[in-house]
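K.L.:
Just dropping this structure here.
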Amino acid sequence: MAVTKRFISLPRMTPGTQRTIAWFRFGRANARPKIYMQSSVHADELPGAMLLHYLMPMLAAAERDGRIRGEVIVVPTMNPIGQAQLVGNAHFGRYDLQSRDNFNRNWLDLSGDVAERVGRKLGADAERNVALIRGAALAALKAMEPVNEMQTMRVELMKLSIDADVVLDLHCDQEAILHVFTSERDLGGPVEALSADLGAPSTMYNHPFPAALTFSGVNGALWARLANLFPEAAIPSACMSVTVELRSQHDVSHALGERDARNLFRYLIRRGAIAGRAGPLPRLASAPTPIGGMDVGYCPGTGFIVYHVPAGAKVRTGQPICDIIDPRNPGGRAAITPMRARTDGILFSRKRNGGIAWPGMVAYRIAGRKLLAQQLAVASRCVDTLLACRLAAGTADACAAVAERCGRKLAGLADPGGGARARFTATVVKSCAAVPPDALVLPSGLGFVSAAAACVGLGAPPPTNSETIAPCVGAAYGCAAGSLIRR
Ligand SMILES: [Zn+2]
């Protein structure tokens with residue numbers, strides 16, 4: 001079977017111009033697993049296009065040999081709007097100059113639409129639910145009538161991606177090491193295998209439905225949001241959607257493109273999309289870390305920036321990462337504002353030397369665990385205090401004030417994530433079986449999206465803000481503590 005090449009036509013924005021998006025299908029339509037991969041939503045990030053330049057001939061050869069078992073969709077450069085933004089001999093590909101939107105934001109959250117279409121039909125049969133949800137998501141996209149280029153690009157590309165088993169969105173940073181962003185809900189075997197096959201030194205996980213509607217975010221979050229809306233139904237994470245950051249913008253070379261393509265091809269074999277032997281899984285370079293444990297270095301003022309450490313360096317708390325130098329201060333060292341690491345970890349992304357810095361600019365990011373440890377310490381102190389209160393007074397009512405303070409502290413936690421959170425969740429679940437775990441303890445801390453029913457079930461009013469969350473937290477923790485006392 002021949003490789004299929006198709007074009008998406010975007011509507012004309014000005015007389016005499018029309019853009020298209022080229023996409024390719026390897027394997028058969030509707031075969032499983034379906035893998036969707038695209039590059040350059042930020043149109044000035046081309047390492048992914050280089051990877052796909054090498055991967056597509058490998059896929060074509062596999063197609064000729066009849067080895068493609070699933071369906072593989074490739075969109076080598078998916079953003080012709082951003083690709084054409086040439087201004088004064090410079091290329092601006094990250095933001096749409098027309099709307100000033102970041103090209104990788106405001107993709108379509110279809111969960112509400114899908115819930116309306118098939119919510120009542122979702123039940124205990126996970127396979128049937130997956131088919132219903134995929135059908136409803138495609139129907140929702142088909143019903144949309146986008147009017148301009150950007151909207152059409154979003155709708156038409158999501159028609160190709162939304163029913164995929166795996167979505168890979170290929171990006172890069174200004175100066176970075178290879179790193180992978182995934183959802184906490186997808187952590188485990190397949191994501192870690194992807195990181196291991198790619199040789200990614202850093203893997204980070206996020207809340208299952210972050211507020212920023214990134215391309216990979218909306219494709220994966222559809223399942224997490226629906227699972228949250230319909231806790232009684234069996235809704236698996238049917239789409240592993242991942243953002244792969246292929247190092248720095250200038251890390252485009254034949255050697256890297258070929259190596260990355262071989263690594264990804266091996267992963268496609270491992271996932272069963274292509275017949276063959278993947279061989280032993282390489283060792284994962286480092287365990288996944290939570291985005292909540294990340295140290296983001298925001299510039300305190302303006303000047304120009306110069307770094308002390310390269311991307312990929314292991315750094316320690318207090319270590320100088322970069323200096324902001326005020327060019328109008330003649331005082332030598334007095335002109336320098338140093339920026340220091342606030343956590344131990346891997347400096348996985350930074351800017352280029354010599355750029356202008358401004359207040360609030362992100363100068364670097366460090367994947368670390370220490371902040372997380374501090375956050376977890378707050379949570380465990382909270383539980384200890386509640387437990388002590390329950391042991392002393394015996395009734396949940398008497399501990400209401402403690403519970404309220406705890407609620408406020410816990411609501412302020414950014415991301416407890418990881419093993420301790422899982423143990424913590426298990427304690428609450430064991431003691432309060434009626435409460436769906438994700439409703440009370442989301443990966444980003446205490447989450448209360450769609451938790452109204454759970455709170456009512458515990459005898460607390462539905463939470464609407466940080467103050468009304470406290471009684472519900474108090475009730476849930478009181479319940480857990482009560483159970484511990486009984487034991
Ligand atoms: Zn990007």
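Going through the structure tokens in order, the chains are called A, B, and so on, while each chain numbers its residues from 1 and the ligands are numbered from 1 in the order shown.
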What lies within 8 Å of Thr203 (chain A) using only C-alpha atoms, ignoring chain neighbours under 3 positions off, as a ChimeraX atom specification?

P.N.:
/A:179-182,192,195,200,286-289

K.L.:
Which chains and residue numbers are within 7 Å of ligand 1, counting only C-alpha atoms and all ligand atoms, if I want them as a list in words?

P.N.:
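The residues within 7 Å of ligand 1, counting only C-alpha atoms and all ligand atoms, are Val41, His42, Glu45, His171, Cys172 and Asp173 of chain A.
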
K.L.:
Looking at only C-alpha atoms, which of A:Gly332, A:Gly293, A:Gly360, A:Pro210 is the one that sits closest to Arg105 (chain A)?

P.N.:
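Of all the options, A:Pro210 lies closest to Arg105 (chain A).
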
K.L.:
So which one's closest to Gly119 (chain A), A:Asp96, A:Ile133, A:Arg270, A:Ala196? Using only C-alpha atoms, please.

P.N.:
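The closest residue to Gly119 (chain A) is A:Ile133.
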
K.L.:
Got a sec: who's within 8 Å of region 64-81 of chain A, counting only C-alpha atoms, leaving out chain neighbours fewer than 5 positions off, as a PyMOL selection string?

P.N.:
chain A and resi 1-2+19-43+48-49+52-53+59+96+149-150+153+160+272-276

K.L.:
Could you write those residues out with N, CA and C atoms, as a tab-separated table (two decimals), in the first residue's frame?

P.N.:
```tsv
chain	number	residue	atom	x	y	z
A	1	MET	N	0.84	-1.20	0.00
A	1	MET	CA	0.00	0.00	0.00
A	1	MET	C	0.88	1.26	0.00
A	2	ALA	N	0.49	2.23	-0.84
A	2	ALA	CA	1.33	3.43	-0.98
A	2	ALA	C	1.12	4.39	0.18
A	19	ARG	N	-2.80	29.16	2.13
A	19	ARG	CA	-1.81	28.25	2.70
A	19	ARG	C	-2.39	26.85	2.82
A	20	THR	N	-1.49	25.87	2.83
A	20	THR	CA	-1.92	24.49	3.01
A	20	THR	C	-1.01	23.82	4.03
A	21	ILE	N	-1.55	22.76	4.63
A	21	ILE	CA	-0.74	21.92	5.54
A	21	ILE	C	-0.65	20.54	4.90
A	22	ALA	N	0.57	20.05	4.71
A	22	ALA	CA	0.74	18.70	4.14
A	22	ALA	C	0.79	17.68	5.27
A	23	TRP	N	0.07	16.56	5.08
A	23	TRP	CA	0.19	15.48	6.06
A	23	TRP	C	0.25	14.12	5.36
A	24	PHE	N	0.79	13.15	6.07
A	24	PHE	CA	1.06	11.84	5.47
A	24	PHE	C	0.47	10.73	6.35
A	25	ARG	N	-0.04	9.71	5.66
A	25	ARG	CA	-0.49	8.52	6.40
A	25	ARG	C	0.36	7.33	5.97
A	26	PHE	N	0.93	6.64	6.95
A	26	PHE	CA	1.64	5.38	6.72
A	26	PHE	C	0.79	4.29	7.37
A	27	GLY	N	0.59	3.18	6.68
A	27	GLY	CA	-0.29	2.14	7.21
A	27	GLY	C	-1.73	2.41	6.79
A	28	ARG	N	-2.64	1.67	7.39
A	28	ARG	CA	-4.05	1.75	6.99
A	28	ARG	C	-4.84	2.69	7.90
A	29	ALA	N	-5.79	3.40	7.28
A	29	ALA	CA	-6.69	4.25	8.08
A	29	ALA	C	-7.46	3.36	9.05
A	30	ASN	N	-7.61	3.84	10.26
A	30	ASN	CA	-8.37	3.15	11.32
A	30	ASN	C	-7.70	1.90	11.90
A	31	ALA	N	-6.48	1.58	11.45
A	31	ALA	CA	-5.76	0.47	12.08
A	31	ALA	C	-5.22	0.97	13.43
A	32	ARG	N	-5.01	0.04	14.35
A	32	ARG	CA	-4.51	0.40	15.68
A	32	ARG	C	-3.19	-0.29	15.96
A	33	PRO	N	-2.31	0.31	16.76
A	33	PRO	CA	-2.47	1.63	17.37
A	33	PRO	C	-2.32	2.75	16.34
A	34	LYS	N	-3.04	3.85	16.62
A	34	LYS	CA	-2.90	5.03	15.77
A	34	LYS	C	-1.91	5.98	16.45
A	35	ILE	N	-0.87	6.34	15.71
A	35	ILE	CA	0.16	7.25	16.23
A	35	ILE	C	0.07	8.55	15.44
A	36	TYR	N	-0.05	9.67	16.12
A	36	TYR	CA	-0.07	10.97	15.44
A	36	TYR	C	1.17	11.74	15.88
A	37	MET	N	1.92	12.28	14.92
A	37	MET	CA	3.06	13.11	15.32
A	37	MET	C	3.16	14.34	14.43
A	38	GLN	N	3.51	15.43	15.04
A	38	GLN	CA	3.63	16.69	14.31
A	38	GLN	C	4.83	17.46	14.83
A	39	SER	N	5.30	18.39	14.00
A	39	SER	CA	6.39	19.26	14.43
A	39	SER	C	6.06	20.71	14.12
A	40	SER	N	6.73	21.59	14.88
A	40	SER	CA	6.81	23.01	14.57
A	40	SER	C	5.49	23.77	14.69
A	41	VAL	N	4.70	23.44	15.73
A	41	VAL	CA	3.57	24.33	16.04
A	41	VAL	C	4.15	25.71	16.37
A	42	HIS	N	5.27	25.74	17.11
A	42	HIS	CA	6.10	26.94	17.18
A	42	HIS	C	6.99	26.86	15.93
A	43	ALA	N	6.67	27.73	14.97
A	43	ALA	CA	7.17	27.49	13.61
A	43	ALA	C	8.67	27.70	13.46
A	48	GLY	N	12.32	18.97	15.29
A	48	GLY	CA	11.32	17.92	15.06
A	48	GLY	C	11.16	17.65	13.57
A	49	ALA	N	11.21	18.72	12.76
A	49	ALA	CA	11.10	18.54	11.31
A	49	ALA	C	12.30	17.73	10.81
A	52	LEU	N	11.69	14.14	11.63
A	52	LEU	CA	10.69	13.55	10.72
A	52	LEU	C	11.25	13.39	9.31
A	53	HIS	N	12.17	14.28	8.92
A	53	HIS	CA	12.85	14.16	7.62
A	53	HIS	C	13.54	12.79	7.52
A	59	LEU	N	9.64	5.02	7.62
A	59	LEU	CA	8.24	4.58	7.63
A	59	LEU	C	7.83	4.10	6.23
A	96	ASP	N	1.42	34.23	17.04
A	96	ASP	CA	0.72	34.67	15.84
A	96	ASP	C	0.74	36.20	15.82
A	149	GLU	N	-7.96	31.26	9.27
A	149	GLU	CA	-6.86	30.30	9.12
A	149	GLU	C	-6.56	29.56	10.42
A	150	MET	N	-6.39	30.35	11.49
A	150	MET	CA	-5.97	29.75	12.77
A	150	MET	C	-7.00	28.74	13.27
A	153	MET	N	-6.97	25.66	11.12
A	153	MET	CA	-5.79	24.84	11.41
A	153	MET	C	-6.05	24.00	12.68
A	160	LEU	N	-7.34	14.94	12.91
A	160	LEU	CA	-6.37	13.87	12.66
A	160	LEU	C	-5.83	13.27	13.96
A	272	GLY	N	4.06	-1.46	19.00
A	272	GLY	CA	3.27	-2.35	18.16
A	272	GLY	C	2.72	-1.68	16.90
A	273	ALA	N	3.15	-0.46	16.61
A	273	ALA	CA	2.67	0.20	15.39
A	273	ALA	C	3.38	-0.36	14.16
A	274	ILE	N	4.61	-0.86	14.38
A	274	ILE	CA	5.40	-1.43	13.29
A	274	ILE	C	5.88	-2.80	13.75
A	275	ALA	N	5.81	-3.78	12.82
A	275	ALA	CA	6.25	-5.13	13.18
A	275	ALA	C	7.78	-5.15	13.29
A	276	GLY	N	8.29	-5.96	14.17
A	276	GLY	CA	9.74	-6.07	14.32
A	276	GLY	C	10.12	-6.24	15.77
```

K.L.:
Write out as a ChimeraX atom specification all residues of region 152-221 of chain A that DSSP puts in strand (DSSP E) for this structure's backbone.

P.N.:
/A:166-173,175-176,179-183,202-206

K.L.:
Using only C-alpha atoms, which residues sit within 8 Å of Lys351 (chain A) once same-chain residues fewer than 4 positions away are excluded, as a PyMOL selection string?

P.N.:
chain A and resi 174-175+355+363-364

K.L.:
Pull C-alpha atoms from the residues just selected and write them as an mmCIF file, in the first residue's frame.

P.N.:
```cif
data_model
loop_
_atom_site.group_PDB
_atom_site.id
_atom_site.type_symbol
_atom_site.label_atom_id
_atom_site.label_comp_id
_atom_site.auth_asym_id
_atom_site.auth_seq_id
_atom_site.Cartn_x
_atom_site.Cartn_y
_atom_site.Cartn_z
ATOM 1 C CA GLN A 174 16.152 28.122 22.977
ATOM 2 C CA GLU A 175 18.980 26.260 24.764
ATOM 3 C CA GLY A 355 20.213 38.501 25.143
ATOM 4 C CA ALA A 363 15.892 32.889 32.409
ATOM 5 C CA TYR A 364 16.037 29.136 33.109
#
```
